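*Asks:* Before I ask anything, here is the structure I am working with.
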There are 2 protein chains.
Amino acid sequence: MAGQRFRMTVAYDGSEFHGWQRQTTPEGLVLRTVAGELESIISRVLRQPVMVQGASRTDAGVHARGQVASFVADSPVPVERMERAINSRLPPDLEIRDLAIAHRDFHPIRDALRKQYRYRLHHSLRRPLEKRRFVWHCWYDLDIAKMRDAAARLIGRHDFAGFAQADHGRASTVRTIMDCRIEIEPPEIHLLVIGDGFLYNMVRIIAGTVVEAGRGRIDLARIDRALTEGDRRLAGPTLPPEGLWLEWIEYPDPPSIDTDPSARARQDAQRSTEAGA
Amino acid sequence: MAGQRFRMTVAYDGSEFHGWQRQTTPEGLVLRTVAGELESIISRVLRQPVMVQGASRTDAGVHARGQVASFVADSPVPVERMERAINSRLPPDLEIRDLAIAHRDFHPIRDALRKQYRYRLHHSLRRPLEKRRFVWHCWYDLDIAKMRDAAARLIGRHDFAGFAQADHGRASTVRTIMDCRIEIEPPEIHLLVIGDGFLYNMVRIIAGTVVEAGRGRIDLARIDRALTEGDRRLAGPTLPPEGLWLEWIEYPDPPSIDTDPSARARQDAQRSTEAGA
């Protein structure tokens, strides 16, 4: 039996996960990951093995409100009941939302149009206490105007090689940032980034660059050089994972069915290995 | 050397503490408590043994934004530096705020005039995820008007014997509730309680009673009986600790210096063993 394809939004507190992607240690120990937890619970609830594919391979400690994932299974019950049954068995740091039947060809990575990430700085001398797993505590003096200018400079279609961890493993490092801006929610400062795709650690490096700009240590000319020369050392540091949130992923509605196979092959080449930002 | 008395506000995420009060297991194992952590770090920073006395013995899992505590020590440095030095060594789930030199006779329990507690319900079918350590997840249908009526009924000077855990160990169970009301902060519902003192588990039992009223399972007549008959079974259940926050404690300003020793003795009798609410 072929089964149906399901699509779901997934929210999680990434603090106690070793990231999204299934992982085993060299000794063969299975680490606790979001995809692994989902597969094991969904397989148990549906009494059949399922493979869960996510749109973004978020790193250990990174959180999501709007991760999108998909799996194929035979559906014994209506989706609403299935969603409740699965959620009632998921651990408290993980929840699925909006489980729905998707087009048979839906592919969470390939079909994604845009994603929004948010990097949250807790900007205060006081420690964040109850938010400490969800923000990065930053007490530097920051010039917000400089941060806004730096963020705006990154908008557009650029080669982001200088904003990716060395082992990004991508053929192309060209991505389009549709929006990159600062939002102030005292005592927090947020960096919002919307893009068509992200390289490994790219959002955390963009956030580190914008913070360094706010500290007066990286100017706009240096950001331009980082974009044109692709030298990782010109951009700012990779900020810690706990401040990073994957907020939403946009798809065509209804999910795209390609009529142009060559365009699809091009997209595949760019996106099939899309990793955590 | 006599030393000076210090007073401080203490904020903590109670999730990973065995409550405020120093505790050892029957086997002699020292449990991680807020007072124990504070004493050990302050003693190390000031290089002298200190004893920390808190205004409220919050239970395991209960949080505080405005616990008040006091200790006596010789001060080698200005208080601002002392506060920074101590905070830099405290674990991330604990912070002291507003460390100040207090009157030599300041007593955090005896001098307290009023305290505010907040009980946070996360009222949604969705799980709270990142707030899950700080709210109680409650998905019952609730009639807010009934909750408001029940809360208002508790305001005043009453014998709260029916709203205390059996082993409260108090001579008098009469307390005054100055305010008890519902605040709506979607998707949360908060119960605020201001009183001159609280019996063991009293706020959590009040919250459980107000929730049962909202579910239509406890009416105002039964609340009146719980107050007059003092039967614990008439009040609602003790809600879990994670939703409870100690918000502030009010003191006379400047700290009271009693001129009437008999009034003070009376206060002592009531308050000297004030425990977690």
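Every chain in the structure tokens takes a letter, A first, then B, and so on in the order presented; its residues are numbered from 1, and the ligands are numbered from 1 following the presented order.
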Chain B near chain A within 9 Å: what's each residue's closest atom pair and its distance in Å to one decimal, counting only C-alpha atoms, ordered by chain then ascending residue number, as a Markdown table?
*Replies:*
| residue | atom | partner | partner_atom | distance |
| --- | --- | --- | --- | --- |
| B:Ala11 | CA | A:Leu129 | CA | 8.0 |
| B:Tyr12 | CA | A:Leu129 | CA | 6.8 |
| B:Asp13 | CA | A:Glu130 | CA | 6.0 |
| B:Pro92 | CA | A:Leu129 | CA | 6.5 |
| B:Asp93 | CA | A:Leu129 | CA | 5.4 |
| B:Leu94 | CA | A:Leu129 | CA | 7.0 |
| B:Glu95 | CA | A:Arg127 | CA | 7.3 |
| B:Arg97 | CA | A:Arg126 | CA | 8.5 |
| B:Arg126 | CA | A:Glu95 | CA | 8.0 |
| B:Arg127 | CA | A:Glu95 | CA | 7.3 |
| B:Pro128 | CA | A:Pro92 | CA | 8.3 |
| B:Leu129 | CA | A:Asp93 | CA | 5.4 |
| B:Glu130 | CA | A:Asp13 | CA | 6.0 |
| B:Lys131 | CA | A:Glu130 | CA | 8.1 |
| B:Arg132 | CA | A:Pro92 | CA | 7.7 |
| B:Arg133 | CA | A:Glu130 | CA | 8.4 |
| B:Phe134 | CA | A:Glu130 | CA | 7.7 |
*Asks:* With all heavy atoms kept, could you save the residues just selected as a short mmCIF file (atom, residue, chain, number, x, y, z; two decimals), in the first residue's frame?
*Replies:*
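Writing the result to again-v5.cif gives the following:
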data_model
loop_
_atom_site.label_atom_id
_atom_site.label_comp_id
_atom_site.auth_asym_id
_atom_site.auth_seq_id
_atom_site.Cartn_x
_atom_site.Cartn_y
_atom_site.Cartn_z
N ALA B 11 15.90 36.62 42.92
CA ALA B 11 15.05 36.07 41.86
C ALA B 11 15.59 34.71 41.48
O ALA B 11 16.80 34.52 41.41
CB ALA B 11 15.05 37.00 40.65
N TYR B 12 14.70 33.77 41.26
CA TYR B 12 15.17 32.45 40.82
C TYR B 12 14.11 31.69 40.05
O TYR B 12 12.92 31.90 40.22
CB TYR B 12 15.67 31.60 42.00
CG TYR B 12 14.80 31.58 43.23
CD1 TYR B 12 13.79 30.65 43.40
CD2 TYR B 12 14.99 32.53 44.25
CE1 TYR B 12 12.99 30.63 44.54
CE2 TYR B 12 14.20 32.53 45.39
CZ TYR B 12 13.20 31.58 45.52
OH TYR B 12 12.41 31.58 46.65
N ASP B 13 14.62 30.84 39.20
CA ASP B 13 13.85 29.81 38.53
C ASP B 13 13.90 28.61 39.46
O ASP B 13 14.95 27.99 39.63
CB ASP B 13 14.53 29.52 37.18
CG ASP B 13 14.04 28.22 36.53
OD1 ASP B 13 13.18 27.53 37.10
OD2 ASP B 13 14.56 27.91 35.45
N PRO B 92 23.12 30.16 36.73
CA PRO B 92 22.24 30.98 35.87
C PRO B 92 20.78 31.00 36.28
O PRO B 92 20.01 31.80 35.77
CB PRO B 92 22.40 30.36 34.48
CG PRO B 92 22.98 29.02 34.70
CD PRO B 92 23.75 29.07 35.98
N ASP B 93 20.36 30.14 37.20
CA ASP B 93 18.95 30.14 37.60
C ASP B 93 18.70 30.91 38.89
O ASP B 93 17.64 30.78 39.51
CB ASP B 93 18.38 28.71 37.71
CG ASP B 93 19.25 27.78 38.52
OD1 ASP B 93 20.34 28.19 38.96
OD2 ASP B 93 18.84 26.62 38.72
N LEU B 94 19.66 31.74 39.27
CA LEU B 94 19.57 32.45 40.55
C LEU B 94 20.27 33.79 40.41
O LEU B 94 21.36 33.87 39.87
CB LEU B 94 20.25 31.58 41.62
CG LEU B 94 20.44 32.12 43.03
CD1 LEU B 94 19.12 32.54 43.64
CD2 LEU B 94 21.11 31.05 43.89
N GLU B 95 19.65 34.86 40.91
CA GLU B 95 20.24 36.19 40.81
C GLU B 95 19.86 37.02 42.01
O GLU B 95 18.71 36.98 42.45
CB GLU B 95 19.74 36.88 39.53
CG GLU B 95 20.37 38.24 39.29
CD GLU B 95 19.97 38.84 37.94
OE1 GLU B 95 18.76 38.98 37.68
OE2 GLU B 95 20.84 39.17 37.14
N ARG B 97 19.37 40.89 43.50
CA ARG B 97 19.09 42.23 43.00
C ARG B 97 18.98 43.16 44.19
O ARG B 97 18.45 42.79 45.23
CB ARG B 97 17.76 42.23 42.24
CG ARG B 97 17.78 41.33 41.03
CD ARG B 97 16.41 41.18 40.41
NE ARG B 97 16.53 40.30 39.24
CZ ARG B 97 15.51 39.90 38.49
NH1 ARG B 97 14.30 40.32 38.78
NH2 ARG B 97 15.70 39.12 37.46
N ARG B 126 -2.77 23.85 23.25
CA ARG B 126 -1.35 23.74 22.91
C ARG B 126 -0.51 23.71 24.16
O ARG B 126 -0.78 24.43 25.12
CB ARG B 126 -0.92 24.94 22.07
CG ARG B 126 -1.36 24.80 20.65
CD ARG B 126 -0.57 25.77 19.80
NE ARG B 126 -1.00 25.64 18.42
CZ ARG B 126 -0.73 26.51 17.47
NH1 ARG B 126 -0.01 27.59 17.76
NH2 ARG B 126 -1.14 26.33 16.24
N ARG B 127 0.55 22.96 24.10
CA ARG B 127 1.42 22.92 25.28
C ARG B 127 2.26 24.19 25.37
O ARG B 127 2.50 24.88 24.37
CB ARG B 127 2.29 21.67 25.26
CG ARG B 127 3.10 21.49 24.02
CD ARG B 127 3.75 20.13 24.04
NE ARG B 127 2.75 19.08 23.87
CZ ARG B 127 2.99 17.78 24.08
NH1 ARG B 127 4.18 17.39 24.50
NH2 ARG B 127 2.07 16.89 23.87
N PRO B 128 2.69 24.56 26.56
CA PRO B 128 3.41 25.84 26.71
C PRO B 128 4.83 25.83 26.15
O PRO B 128 5.40 26.88 25.91
CB PRO B 128 3.41 26.07 28.22
CG PRO B 128 3.12 24.76 28.86
CD PRO B 128 2.36 23.94 27.87
N LEU B 129 5.43 24.68 25.88
CA LEU B 129 6.80 24.59 25.37
C LEU B 129 7.79 25.40 26.20
O LEU B 129 8.13 24.99 27.30
CB LEU B 129 6.89 24.99 23.90
CG LEU B 129 6.64 23.89 22.87
CD1 LEU B 129 6.86 24.43 21.46
CD2 LEU B 129 7.51 22.66 23.09
N GLU B 130 8.23 26.58 25.70
CA GLU B 130 9.32 27.27 26.41
C GLU B 130 8.91 27.82 27.78
O GLU B 130 9.77 28.16 28.58
CB GLU B 130 9.96 28.36 25.55
CG GLU B 130 9.12 29.60 25.35
CD GLU B 130 8.38 29.61 24.03
OE1 GLU B 130 7.99 28.52 23.55
OE2 GLU B 130 8.18 30.70 23.49
N LYS B 131 7.62 27.91 28.04
CA LYS B 131 7.19 28.39 29.36
C LYS B 131 6.83 27.24 30.28
O LYS B 131 6.32 27.47 31.37
CB LYS B 131 5.99 29.33 29.21
CG LYS B 131 6.32 30.64 28.53
CD LYS B 131 5.10 31.55 28.52
CE LYS B 131 3.93 30.86 27.84
NZ LYS B 131 2.74 31.71 27.74
N ARG B 132 7.08 26.01 29.86
CA ARG B 132 6.48 24.89 30.58
C ARG B 132 6.97 24.75 32.01
O ARG B 132 6.29 24.16 32.84
CB ARG B 132 6.69 23.58 29.82
CG ARG B 132 8.12 23.10 29.75
CD ARG B 132 8.23 21.90 28.83
NE ARG B 132 9.60 21.41 28.79
CZ ARG B 132 10.58 21.94 28.09
NH1 ARG B 132 10.36 23.04 27.37
NH2 ARG B 132 11.79 21.42 28.12
N ARG B 133 8.13 25.30 32.34
CA ARG B 133 8.60 25.22 33.73
C ARG B 133 8.00 26.33 34.60
O ARG B 133 8.22 26.36 35.80
CB ARG B 133 10.12 25.36 33.78
CG ARG B 133 10.86 24.18 33.20
CD ARG B 133 12.36 24.39 33.31
NE ARG B 133 13.08 23.23 32.83
CZ ARG B 133 13.36 22.99 31.54
NH1 ARG B 133 12.98 23.85 30.63
NH2 ARG B 133 14.02 21.91 31.19
N PHE B 134 7.25 27.26 33.98
CA PHE B 134 6.84 28.47 34.69
C PHE B 134 5.34 28.68 34.75
O PHE B 134 4.88 29.70 35.25
CB PHE B 134 7.51 29.69 34.04
CG PHE B 134 8.99 29.50 33.91
CD1 PHE B 134 9.59 29.32 32.68
CD2 PHE B 134 9.77 29.45 35.05
CE1 PHE B 134 10.96 29.11 32.58
CE2 PHE B 134 11.13 29.23 34.96
CZ PHE B 134 11.72 29.07 33.73
#
*Asks:* For Arg114 in chain A, list every protein, DNA or RNA residue within 8 Å, evaluated using only C-alpha atoms, and leave out those in the same chain fewer than 3 positions away; present the list as JSON, numbers by chain.
*Replies:* {"A": [194, 195, 196, 197, 249, 250, 251]}
*Asks:* Deliver the residues from the most recent selection as a file, using N, CA and C atoms, as a PDB file, in the first residue's frame.
*Replies:*
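again_8.pdb was written with the following content:
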ATOM      1  N   ILE A 194      14.779  36.950   6.817  1.00  0.00           N
ATOM      2  CA  ILE A 194      13.949  36.156   5.900  1.00  0.00           C
ATOM      3  C   ILE A 194      14.777  35.881   4.660  1.00  0.00           C
ATOM      4  N   GLY A 195      14.857  34.625   4.265  1.00  0.00           N
ATOM      5  CA  GLY A 195      15.654  34.287   3.089  1.00  0.00           C
ATOM      6  C   GLY A 195      15.096  33.085   2.369  1.00  0.00           C
ATOM      7  N   ASP A 196      15.616  32.854   1.146  1.00  0.00           N
ATOM      8  CA  ASP A 196      15.136  31.702   0.374  1.00  0.00           C
ATOM      9  C   ASP A 196      15.894  30.433   0.737  1.00  0.00           C
ATOM     10  N   GLY A 197      16.907  30.569   1.571  1.00  0.00           N
ATOM     11  CA  GLY A 197      17.683  29.413   1.993  1.00  0.00           C
ATOM     12  C   GLY A 197      18.875  29.921   2.789  1.00  0.00           C
ATOM     13  N   ILE A 249       8.138  28.787   7.709  1.00  0.00           N
ATOM     14  CA  ILE A 249       8.620  28.448   6.380  1.00  0.00           C
ATOM     15  C   ILE A 249       7.424  28.590   5.453  1.00  0.00           C
ATOM     16  N   GLU A 250       7.635  29.304   4.371  1.00  0.00           N
ATOM     17  CA  GLU A 250       6.521  29.551   3.457  1.00  0.00           C
ATOM     18  C   GLU A 250       6.601  28.602   2.267  1.00  0.00           C
ATOM     19  N   TYR A 251       5.429  28.102   1.889  1.00  0.00           N
ATOM     20  CA  TYR A 251       5.322  27.212   0.733  1.00  0.00           C
ATOM     21  C   TYR A 251       4.290  27.770  -0.221  1.00  0.00           C
TER      22      TYR A 251
END
*Asks:* Apply DSSP to the structure's backbone, then extract all residues of range 37-166 of chain B labelled helix (DSSP H, G or I) and return them as number ranges by chain.
*Replies:* B: 37-46, 79-89, 129-131, 144-153, 161-163
*Asks:* What is the distance, in Å and to one decimal place, between CA of Thr58 in chain A and CA of Ala166 in chain A?
*Replies:*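 These atoms are spaced 17.0 Å apart.
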*Asks:* Work out how far CA of Val203 in chain B is from CA of Ile109 in chain B, in Å to one decimal.
*Replies:*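 Taking CA of Ile109 in chain B as the start and CA of Val203 in chain B as the end point, the length is 17.4 Å.
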*Asks:* To test your reading of the structure, identify every residue in range 69-240 of chain B that backbone DSSP assigns to strand (DSSP E), and report it as a PyMOL selection string.
*Replies:* chain B and resi 69-73+94-101+114-122+136-137+156-159+174-185+188-195
*Asks:* Just to be explicit: take each residue in the selection above, keep N, CA and C atoms, and write the result as a compact mmCIF listing (two decimals), in the first residue's frame.
*Replies:*
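result38.txt written:
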# COMPACT_ATOMS: atom_id res chain seq x y z
N ALA B 69 15.76 38.48 51.34
CA ALA B 69 16.58 37.70 52.26
C ALA B 69 17.61 38.62 52.90
N SER B 70 18.20 38.12 53.96
CA SER B 70 19.10 38.95 54.75
C SER B 70 20.25 38.11 55.30
N PHE B 71 21.39 38.76 55.51
CA PHE B 71 22.51 38.09 56.15
C PHE B 71 23.39 39.14 56.83
N VAL B 72 24.21 38.67 57.76
CA VAL B 72 25.12 39.55 58.47
C VAL B 72 26.55 39.18 58.07
N ALA B 73 27.34 40.20 57.74
CA ALA B 73 28.73 39.93 57.34
C ALA B 73 29.55 41.20 57.51
N LEU B 94 19.66 31.74 39.27
CA LEU B 94 19.57 32.45 40.55
C LEU B 94 20.27 33.79 40.41
N GLU B 95 19.65 34.86 40.91
CA GLU B 95 20.24 36.19 40.81
C GLU B 95 19.86 37.02 42.01
N ILE B 96 20.81 37.79 42.53
CA ILE B 96 20.43 38.74 43.57
C ILE B 96 20.32 40.13 42.96
N ARG B 97 19.37 40.89 43.50
CA ARG B 97 19.09 42.23 43.00
C ARG B 97 18.98 43.16 44.19
N ASP B 98 19.44 44.37 44.01
CA ASP B 98 19.26 45.39 45.03
C ASP B 98 19.84 45.01 46.39
N LEU B 99 21.04 44.52 46.39
CA LEU B 99 21.72 44.27 47.66
C LEU B 99 21.97 45.63 48.32
N ALA B 100 21.65 45.72 49.61
CA ALA B 100 21.80 47.00 50.31
C ALA B 100 22.08 46.75 51.78
N ILE B 101 22.67 47.74 52.41
CA ILE B 101 22.87 47.66 53.85
C ILE B 101 21.53 47.95 54.53
N ARG B 114 3.31 42.82 53.54
CA ARG B 114 2.45 42.16 52.55
C ARG B 114 3.33 41.43 51.53
N LYS B 115 2.75 40.39 50.94
CA LYS B 115 3.44 39.67 49.87
C LYS B 115 2.49 39.47 48.71
N GLN B 116 3.01 39.49 47.52
CA GLN B 116 2.18 39.13 46.37
C GLN B 116 2.69 37.86 45.71
N TYR B 117 1.78 36.92 45.54
CA TYR B 117 2.04 35.73 44.75
C TYR B 117 1.19 35.76 43.49
N ARG B 118 1.71 35.12 42.44
CA ARG B 118 0.97 34.99 41.19
C ARG B 118 0.97 33.52 40.80
N TYR B 119 -0.21 33.00 40.50
CA TYR B 119 -0.28 31.63 39.98
C TYR B 119 -0.65 31.71 38.51
N ARG B 120 0.23 31.16 37.65
CA ARG B 120 0.04 31.27 36.20
C ARG B 120 -0.51 29.98 35.61
N LEU B 121 -1.71 30.07 35.00
CA LEU B 121 -2.27 28.96 34.25
C LEU B 121 -2.00 29.19 32.77
N HIS B 122 -1.49 28.19 32.09
CA HIS B 122 -1.41 28.26 30.63
C HIS B 122 -2.68 27.61 30.13
N TRP B 136 1.32 26.40 34.86
CA TRP B 136 0.64 25.11 34.94
C TRP B 136 -0.26 25.00 33.73
N HIS B 137 -0.12 23.91 33.00
CA HIS B 137 -0.90 23.72 31.78
C HIS B 137 -2.29 23.20 32.15
N GLY B 156 -10.14 39.32 52.64
CA GLY B 156 -10.56 39.66 54.00
C GLY B 156 -9.76 38.88 55.03
N ARG B 157 -10.14 39.09 56.29
CA ARG B 157 -9.46 38.39 57.38
C ARG B 157 -10.24 37.12 57.69
N HIS B 158 -9.61 35.97 57.46
CA HIS B 158 -10.30 34.70 57.63
C HIS B 158 -9.37 33.70 58.33
N ASP B 159 -10.00 32.66 58.85
CA ASP B 159 -9.22 31.50 59.30
C ASP B 159 -9.03 30.60 58.08
N VAL B 174 -5.16 32.26 61.10
CA VAL B 174 -5.87 33.45 60.63
C VAL B 174 -4.90 34.32 59.83
N ARG B 175 -5.30 34.66 58.63
CA ARG B 175 -4.49 35.54 57.78
C ARG B 175 -5.42 36.52 57.09
N THR B 176 -4.83 37.62 56.62
CA THR B 176 -5.62 38.60 55.88
C THR B 176 -5.20 38.61 54.41
N ILE B 177 -6.17 38.40 53.55
CA ILE B 177 -5.93 38.51 52.10
C ILE B 177 -6.43 39.89 51.69
N MET B 178 -5.49 40.73 51.25
CA MET B 178 -5.87 42.10 50.85
C MET B 178 -6.42 42.14 49.43
N ASP B 179 -5.92 41.26 48.58
CA ASP B 179 -6.44 41.23 47.21
C ASP B 179 -6.31 39.81 46.68
N CYS B 180 -7.26 39.44 45.86
CA CYS B 180 -7.26 38.11 45.25
C CYS B 180 -8.05 38.28 43.97
N ARG B 181 -7.37 38.24 42.84
CA ARG B 181 -8.08 38.55 41.60
C ARG B 181 -7.47 37.84 40.39
N ILE B 182 -8.26 37.83 39.33
CA ILE B 182 -7.87 37.18 38.08
C ILE B 182 -7.35 38.22 37.11
N GLU B 183 -6.23 37.93 36.45
CA GLU B 183 -5.76 38.77 35.34
C GLU B 183 -5.65 37.88 34.12
N ILE B 184 -6.10 38.39 33.00
CA ILE B 184 -6.07 37.59 31.77
C ILE B 184 -4.92 38.07 30.89
N GLU B 185 -4.01 37.16 30.60
CA GLU B 185 -2.93 37.49 29.66
C GLU B 185 -2.84 36.35 28.67
N GLU B 188 -2.62 32.97 28.86
CA GLU B 188 -2.52 32.67 30.28
C GLU B 188 -3.64 33.31 31.08
N ILE B 189 -3.98 32.66 32.19
CA ILE B 189 -4.89 33.22 33.18
C ILE B 189 -4.10 33.25 34.48
N HIS B 190 -4.02 34.42 35.11
CA HIS B 190 -3.24 34.54 36.33
C HIS B 190 -4.16 34.78 37.52
N LEU B 191 -3.80 34.16 38.64
CA LEU B 191 -4.45 34.47 39.90
C LEU B 191 -3.43 35.24 40.74
N LEU B 192 -3.79 36.46 41.11
CA LEU B 192 -2.92 37.27 41.97
C LEU B 192 -3.45 37.26 43.39
N VAL B 193 -2.58 37.03 44.33
CA VAL B 193 -3.00 37.03 45.73
C VAL B 193 -2.04 37.90 46.54
N ILE B 194 -2.58 38.86 47.25
CA ILE B 194 -1.78 39.69 48.15
C ILE B 194 -2.26 39.43 49.57
N GLY B 195 -1.35 39.11 50.46
CA GLY B 195 -1.75 38.83 51.84
C GLY B 195 -0.68 39.23 52.82
*Asks:* May I ask for the distance between CA of Gly214 in chain B and CA of Asp143 in chain B, given in Å to one decimal place?
*Replies:*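 The value is 4.6 Å.
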*Asks:* Can you work out which one of A:Cys138, A:Leu154, A:Asp74, A:Ser56 has the shortest atom-to-atom distance to Phe198 in chain A, counting only C-alpha atoms?
*Replies:*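 Result for the nearest residue to Phe198 in chain A: A:Ser56.
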*Asks:* With a distance cut-off of 9 Å and only C-alpha atoms, select the neighbouring residues of Pro49 in chain A, excluding the residue or stretch itself and same-chain residues fewer than 2 positions from it, and output the selection as a short mmCIF file (atom, residue, chain, number, x, y, z; two decimals) with N, CA, C and O atoms, in the first residue's frame.
*Replies:*
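Done, and the output landed in out38.cif:
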data_model
loop_
_atom_site.label_atom_id
_atom_site.label_comp_id
_atom_site.auth_asym_id
_atom_site.auth_seq_id
_atom_site.Cartn_x
_atom_site.Cartn_y
_atom_site.Cartn_z
N GLU A 39 10.02 10.41 14.76
CA GLU A 39 9.89 9.13 14.06
C GLU A 39 9.51 8.02 15.01
O GLU A 39 8.67 7.17 14.70
N SER A 40 10.15 8.03 16.17
CA SER A 40 9.89 6.91 17.06
C SER A 40 8.46 6.96 17.60
O SER A 40 7.76 5.96 17.68
N ILE A 42 5.77 8.69 16.22
CA ILE A 42 4.78 8.53 15.14
C ILE A 42 4.71 7.06 14.70
O ILE A 42 3.63 6.52 14.49
N SER A 43 5.87 6.41 14.61
CA SER A 43 5.88 5.00 14.22
C SER A 43 5.10 4.16 15.22
O SER A 43 4.36 3.25 14.85
N ARG A 44 5.26 4.49 16.51
CA ARG A 44 4.57 3.71 17.52
C ARG A 44 3.06 3.95 17.46
O ARG A 44 2.27 3.02 17.52
N LEU A 46 1.24 4.99 14.90
CA LEU A 46 0.64 4.49 13.66
C LEU A 46 0.95 3.01 13.42
O LEU A 46 0.49 2.44 12.44
N ARG A 47 1.75 2.42 14.30
CA ARG A 47 2.13 1.01 14.18
C ARG A 47 2.70 0.69 12.80
O ARG A 47 2.34 -0.29 12.16
N MET A 51 9.51 7.62 8.22
CA MET A 51 10.71 8.44 8.10
C MET A 51 10.24 9.88 8.04
O MET A 51 9.42 10.22 7.19
N ALA A 73 2.66 7.64 5.34
CA ALA A 73 2.14 6.55 6.17
C ALA A 73 0.73 6.20 5.72
O ALA A 73 0.08 6.99 5.02
#
*Asks:* List as a PyMOL selection string the protein and nucleic acid residues near Ile218 in chain A, meaning an atom at most 10 Å away when only C-alpha atoms are counted, but skip any in the same chain fewer than 2 places from it.
*Replies:* chain A and resi 146+150+209-216+220-223+234-236
*Asks:* Would you save the residues of that selection, restricted to C-alpha atoms, as a compact mmCIF listing (two decimals), in the first residue's frame?
*Replies:*
# COMPACT_ATOMS: atom_id res chain seq x y z
CA LYS A 146 24.57 50.80 13.32
CA ALA A 150 24.47 46.45 9.01
CA THR A 209 28.19 40.41 12.41
CA VAL A 210 25.29 42.73 13.24
CA VAL A 211 26.24 42.69 16.94
CA GLU A 212 29.86 43.52 16.08
CA ALA A 213 28.56 46.38 13.94
CA GLY A 214 26.55 47.58 16.94
CA ARG A 215 29.72 47.50 19.03
CA GLY A 216 31.54 49.58 16.40
CA LEU A 220 29.68 48.62 6.40
CA ALA A 221 32.76 48.54 4.17
CA ARG A 222 33.91 45.39 5.92
CA ILE A 223 30.47 43.79 5.47
CA LEU A 234 35.71 39.35 7.81
CA ALA A 235 32.28 38.53 9.24
CA GLY A 236 31.44 38.41 12.94
